[in-house]
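Chemist: Please read through the structure below; I'll follow up with questions.
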Amino acid sequence: MVVRKPRLGPDDWTAAALTAIGEQGLAGVAVEPLATRLGTTKGSFYWHFANRDALLEAALRSWDETYTDAILRTVDAEPDPAARLRALFVAVTASDRAPVEVHLHAAADHPAVAPAMRRAVTRRTAYIAAQLTALGFDPAEADRRALFAYATYLGHIQLVVRIPEAVPHGAALEAYLGTVLAALLGQPAANGTG
């Protein structure tokens with residue numbers, strides 16, 4: 001009896017592309033190695049995508065949905081802004097998504113990545129700023145703190161990927177997150193300077 005492999009769809013290819021980005025950066029998004037990884041032929045790829053750029057666009061849409069929209073929807077279920085911020089930091093620091101994020105941020109000047117990255121960073125920092133505004137910070141201070149929070153996140157994921165032994169775990173991670181949130185939610189600097 002011949003056992004047929006299930007037919008691959010575009011989501012299989014985009015997931016493989018995101019995995020490859022996490023391992024090798026944008027250079028990992030190559031049709032032939034992805035086909036080998038998926039146990040199929042290049043013909044399967046061309047059934048779903050016109051070219052590599054189309055796959056990269058689909059992977060970036062999937063990344064945005066998974067790494068931004070889904071996380072924000074999840075943390076939005078928290079009842080108050082401070083709890084949402086804590087849930088957000090827990091979600092992004094406990095995620096196995098750091099390698100993809102690091103590689104995409106490193107490629108933020110690539111013509112295909114730049115617009116998606118700008119949209120994601122704008123939406124992410126706006127979400128953080130909205131929580132801070134809801135906690136009583138004026139909008140300008142909330143924007144500055146949102147950028148501070150995002151920069152802290154970027155530094156954290158760099159450590160996760162490049163120097164994982166520097167990142168705390170367990171109770172130490174909880175304490176670290178508490179320190180980050182205390183710094184984020186502390187008193188504003190006098191006259192918005194610091």
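Letters A, B, ... mark the chains of the structure tokens in the order given; residue numbers begin at 1 per chain; ligand numbers begin at 1, in order shown.
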List the spatial neighbours of Val100 of chain A as a PyMOL selection string - criterion: any atom at most 12 Å away, only C-alpha atoms, same-chain residues fewer than 4 positions off excluded.
Modeler: chain A and resi 15-26+28+59-60+62-64+66-67+95-96+104-107+154+157-158+160-161
Chemist: Go ahead and dump the residues you just picked, N, CA and C atoms, as an mmCIF file, in the first residue's frame.
Modeler:
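Output file selection-v2.cif is given in full below:
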data_model
loop_
_atom_site.group_PDB
_atom_site.id
_atom_site.type_symbol
_atom_site.label_atom_id
_atom_site.label_comp_id
_atom_site.auth_asym_id
_atom_site.auth_seq_id
_atom_site.Cartn_x
_atom_site.Cartn_y
_atom_site.Cartn_z
ATOM 1 N N ALA A 15 5.646 28.832 7.677
ATOM 2 C CA ALA A 15 6.195 28.378 8.960
ATOM 3 C C ALA A 15 7.646 27.938 8.784
ATOM 4 N N ALA A 16 7.922 27.218 7.702
ATOM 5 C CA ALA A 16 9.304 26.789 7.438
ATOM 6 C C ALA A 16 10.202 27.996 7.190
ATOM 7 N N ALA A 17 9.670 29.011 6.515
ATOM 8 C CA ALA A 17 10.453 30.223 6.258
ATOM 9 C C ALA A 17 10.773 30.939 7.564
ATOM 10 N N LEU A 18 9.813 31.027 8.474
ATOM 11 C CA LEU A 18 10.064 31.677 9.766
ATOM 12 C C LEU A 18 11.087 30.886 10.588
ATOM 13 N N THR A 19 11.001 29.577 10.544
ATOM 14 C CA THR A 19 11.997 28.759 11.235
ATOM 15 C C THR A 19 13.380 29.019 10.656
ATOM 16 N N ALA A 20 13.462 29.077 9.332
ATOM 17 C CA ALA A 20 14.745 29.334 8.671
ATOM 18 C C ALA A 20 15.279 30.723 9.020
ATOM 19 N N ILE A 21 14.397 31.709 9.097
ATOM 20 C CA ILE A 21 14.825 33.061 9.497
ATOM 21 C C ILE A 21 15.406 33.014 10.902
ATOM 22 N N GLY A 22 14.760 32.290 11.801
ATOM 23 C CA GLY A 22 15.257 32.172 13.167
ATOM 24 C C GLY A 22 16.617 31.502 13.242
ATOM 25 N N GLU A 23 16.897 30.617 12.309
ATOM 26 C CA GLU A 23 18.169 29.894 12.319
ATOM 27 C C GLU A 23 19.276 30.610 11.547
ATOM 28 N N GLN A 24 18.913 31.242 10.415
ATOM 29 C CA GLN A 24 19.933 31.760 9.510
ATOM 30 C C GLN A 24 19.698 33.189 9.040
ATOM 31 N N GLY A 25 18.656 33.822 9.508
ATOM 32 C CA GLY A 25 18.324 35.142 8.981
ATOM 33 C C GLY A 25 17.641 35.016 7.634
ATOM 34 N N LEU A 26 17.554 36.130 6.915
ATOM 35 C CA LEU A 26 16.853 36.120 5.623
ATOM 36 C C LEU A 26 17.496 35.184 4.620
ATOM 37 N N GLY A 28 18.315 32.297 4.996
ATOM 38 C CA GLY A 28 17.725 30.968 5.155
ATOM 39 C C GLY A 28 16.462 30.753 4.348
ATOM 40 N N ALA A 59 5.608 35.224 4.944
ATOM 41 C CA ALA A 59 6.243 34.937 6.234
ATOM 42 C C ALA A 59 6.187 36.166 7.141
ATOM 43 N N LEU A 60 6.395 37.352 6.573
ATOM 44 C CA LEU A 60 6.334 38.576 7.372
ATOM 45 C C LEU A 60 4.914 38.846 7.870
ATOM 46 N N SER A 62 2.710 36.481 8.506
ATOM 47 C CA SER A 62 2.514 35.479 9.551
ATOM 48 C C SER A 62 3.245 35.890 10.828
ATOM 49 N N TRP A 63 4.467 36.395 10.669
ATOM 50 C CA TRP A 63 5.235 36.882 11.823
ATOM 51 C C TRP A 63 4.465 37.977 12.547
ATOM 52 N N ASP A 64 3.938 38.935 11.804
ATOM 53 C CA ASP A 64 3.218 40.039 12.425
ATOM 54 C C ASP A 64 1.979 39.544 13.163
ATOM 55 N N THR A 66 1.441 36.459 14.355
ATOM 56 C CA THR A 66 1.808 35.586 15.469
ATOM 57 C C THR A 66 2.575 36.318 16.555
ATOM 58 N N TYR A 67 3.503 37.170 16.155
ATOM 59 C CA TYR A 67 4.416 37.778 17.101
ATOM 60 C C TYR A 67 3.921 39.125 17.621
ATOM 61 N N SER A 95 9.043 33.595 25.455
ATOM 62 C CA SER A 95 8.786 33.089 24.115
ATOM 63 C C SER A 95 10.024 32.459 23.494
ATOM 64 N N ASP A 96 9.773 31.460 22.658
ATOM 65 C CA ASP A 96 10.862 30.860 21.883
ATOM 66 C C ASP A 96 11.034 31.585 20.549
ATOM 67 N N LEU A 104 15.053 39.387 12.283
ATOM 68 C CA LEU A 104 14.252 40.366 11.540
ATOM 69 C C LEU A 104 14.621 41.796 11.917
ATOM 70 N N HIS A 105 14.886 42.048 13.187
ATOM 71 C CA HIS A 105 15.333 43.389 13.572
ATOM 72 C C HIS A 105 16.675 43.709 12.925
ATOM 73 N N ALA A 106 17.545 42.714 12.823
ATOM 74 C CA ALA A 106 18.847 42.927 12.177
ATOM 75 C C ALA A 106 18.685 43.233 10.690
ATOM 76 N N ALA A 107 17.604 42.754 10.098
ATOM 77 C CA ALA A 107 17.345 42.970 8.668
ATOM 78 C C ALA A 107 16.340 44.091 8.439
ATOM 79 N N LEU A 154 14.383 44.571 23.163
ATOM 80 C CA LEU A 154 15.381 44.237 22.142
ATOM 81 C C LEU A 154 16.689 43.772 22.776
ATOM 82 N N ILE A 157 16.130 40.150 24.125
ATOM 83 C CA ILE A 157 16.132 39.063 23.137
ATOM 84 C C ILE A 157 17.511 38.870 22.519
ATOM 85 N N GLN A 158 18.291 39.941 22.411
ATOM 86 C CA GLN A 158 19.674 39.781 21.948
ATOM 87 C C GLN A 158 20.439 38.870 22.908
ATOM 88 N N VAL A 160 19.127 36.636 24.956
ATOM 89 C CA VAL A 160 18.550 35.286 24.861
ATOM 90 C C VAL A 160 19.199 34.512 23.724
ATOM 91 N N VAL A 161 19.401 35.177 22.589
ATOM 92 C CA VAL A 161 19.929 34.507 21.405
ATOM 93 C C VAL A 161 21.448 34.413 21.433
#
Chemist: Give me the residues near Leu159 of chain A as a list in words, where near means some atom within 12 Å (using only C-alpha atoms) and where sequence neighbours in that chain fewer than 4 positions away do not count.
Modeler: Thr93, Ala98, Pro99, Val102, Thr152, Tyr153, Leu154, Gly155, Ile163, Pro164, Glu165, Ala166, Val167 and Pro168 of chain A
Chemist: Write the residues of the preceding selection, restricted to all heavy atoms, as a CSV table (one decimal), in the first residue's frame.
Modeler:
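Result file result-v6.csv:
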chain,number,residue,atom,x,y,z
A,93,THR,N,9.2,37.5,27.0
A,93,THR,CA,10.5,37.0,27.5
A,93,THR,C,10.4,35.5,27.7
A,93,THR,O,11.5,34.9,27.7
A,93,THR,CB,10.8,37.7,28.9
A,93,THR,OG1,9.8,37.4,29.8
A,93,THR,CG2,11.1,39.2,28.8
A,98,ALA,N,12.5,34.5,20.1
A,98,ALA,CA,13.6,35.5,20.1
A,98,ALA,C,14.5,35.4,18.8
A,98,ALA,O,14.8,36.4,18.3
A,98,ALA,CB,14.4,35.3,21.4
A,99,PRO,N,14.9,34.2,18.4
A,99,PRO,CA,15.8,34.2,17.2
A,99,PRO,C,15.1,34.8,16.0
A,99,PRO,O,15.8,35.5,15.2
A,99,PRO,CB,16.0,32.7,17.0
A,99,PRO,CG,15.8,32.0,18.3
A,99,PRO,CD,14.7,32.8,19.0
A,102,VAL,N,15.2,38.6,16.6
A,102,VAL,CA,16.6,39.2,16.4
A,102,VAL,C,17.0,39.3,15.0
A,102,VAL,O,17.5,40.3,14.5
A,102,VAL,CB,17.6,38.3,17.2
A,102,VAL,CG1,19.0,38.6,16.9
A,102,VAL,CG2,17.4,38.5,18.7
A,152,THR,N,14.4,47.9,25.9
A,152,THR,CA,14.7,46.8,26.9
A,152,THR,C,14.4,45.5,26.3
A,152,THR,O,15.2,44.5,26.5
A,152,THR,CB,14.0,47.1,28.2
A,152,THR,OG1,14.3,48.4,28.7
A,152,THR,CG2,14.2,46.1,29.2
A,153,TYR,N,13.3,45.3,25.7
A,153,TYR,CA,12.9,44.1,25.0
A,153,TYR,C,14.0,43.6,24.0
A,153,TYR,O,14.4,42.5,24.0
A,153,TYR,CB,11.5,44.2,24.4
A,153,TYR,CG,11.2,43.2,23.4
A,153,TYR,CD1,11.0,41.8,23.8
A,153,TYR,CD2,11.1,43.5,22.0
A,153,TYR,CE1,10.7,40.9,22.8
A,153,TYR,CE2,10.8,42.5,21.1
A,153,TYR,CZ,10.6,41.2,21.5
A,153,TYR,OH,10.3,40.3,20.5
A,154,LEU,N,14.4,44.6,23.2
A,154,LEU,CA,15.4,44.2,22.1
A,154,LEU,C,16.7,43.8,22.8
A,154,LEU,O,17.3,42.8,22.3
A,154,LEU,CB,15.6,45.4,21.2
A,154,LEU,CG,14.5,45.8,20.3
A,154,LEU,CD1,14.9,47.0,19.5
A,154,LEU,CD2,14.1,44.7,19.4
A,155,GLY,N,17.1,44.4,23.8
A,155,GLY,CA,18.3,44.0,24.5
A,155,GLY,C,18.2,42.6,25.1
A,155,GLY,O,19.1,41.8,25.1
A,163,ILE,N,23.8,35.4,24.1
A,163,ILE,CA,24.5,35.1,25.4
A,163,ILE,C,23.5,34.5,26.3
A,163,ILE,O,23.1,35.2,27.4
A,163,ILE,CB,25.2,36.3,26.0
A,163,ILE,CG1,26.0,37.0,24.9
A,163,ILE,CG2,26.1,35.9,27.1
A,163,ILE,CD1,26.6,38.4,25.3
A,164,PRO,N,22.9,33.4,26.0
A,164,PRO,CA,21.8,32.9,26.9
A,164,PRO,C,22.1,32.7,28.3
A,164,PRO,O,21.2,32.8,29.2
A,164,PRO,CB,21.4,31.6,26.2
A,164,PRO,CG,22.5,31.2,25.3
A,164,PRO,CD,23.2,32.5,25.0
A,165,GLU,N,23.3,32.4,28.6
A,165,GLU,CA,23.7,32.2,30.1
A,165,GLU,C,23.6,33.5,30.9
A,165,GLU,O,23.5,33.5,32.1
A,165,GLU,CB,25.1,31.6,30.2
A,165,GLU,CG,26.2,32.5,29.7
A,165,GLU,CD,26.5,32.4,28.2
A,165,GLU,OE1,25.7,31.8,27.5
A,165,GLU,OE2,27.5,33.0,27.8
A,166,ALA,N,23.5,34.7,30.2
A,166,ALA,CA,23.3,36.0,30.9
A,166,ALA,C,21.9,36.2,31.3
A,166,ALA,O,21.6,37.1,32.1
A,166,ALA,CB,23.8,37.1,30.0
A,167,VAL,N,21.0,35.5,30.8
A,167,VAL,CA,19.5,35.7,31.0
A,167,VAL,C,19.1,34.9,32.3
A,167,VAL,O,19.3,33.7,32.3
A,167,VAL,CB,18.7,35.3,29.8
A,167,VAL,CG1,17.2,35.5,30.1
A,167,VAL,CG2,19.2,36.1,28.6
A,168,PRO,N,18.4,35.6,33.2
A,168,PRO,CA,18.0,34.9,34.4
A,168,PRO,C,16.8,33.9,34.1
A,168,PRO,O,16.1,34.1,33.1
A,168,PRO,CB,17.5,36.0,35.3
A,168,PRO,CG,17.2,37.2,34.4
A,168,PRO,CD,18.1,37.0,33.2
Chemist: What parts of segment 21-167 of chain A does DSSP call helix (DSSP H, G or I)? I'd like the answer as a ChimeraX atom specification.
Modeler: /A:21-28,31-38,42-48,52-75,81-93,98-106,113-134,139-162,164-166
Chemist: Choose the residue, out of A:Leu88, A:Leu38, A:Val31, A:Ala175, that has the smallest atom-to-atom separation from Leu72 of chain A; count only C-alpha atoms.
Modeler: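 Between A:Leu88, A:Leu38, A:Val31, A:Ala175, the residue approaching Leu72 of chain A most closely is A:Leu88.
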Chemist: Rank nothing, just name the residue among A:Ala91, A:Ala82, A:Glu174, A:Thr68 nearest to Arg123 of chain A, using only C-alpha atoms.
Modeler: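 Of all the options, A:Thr68 lies closest to Arg123 of chain A.
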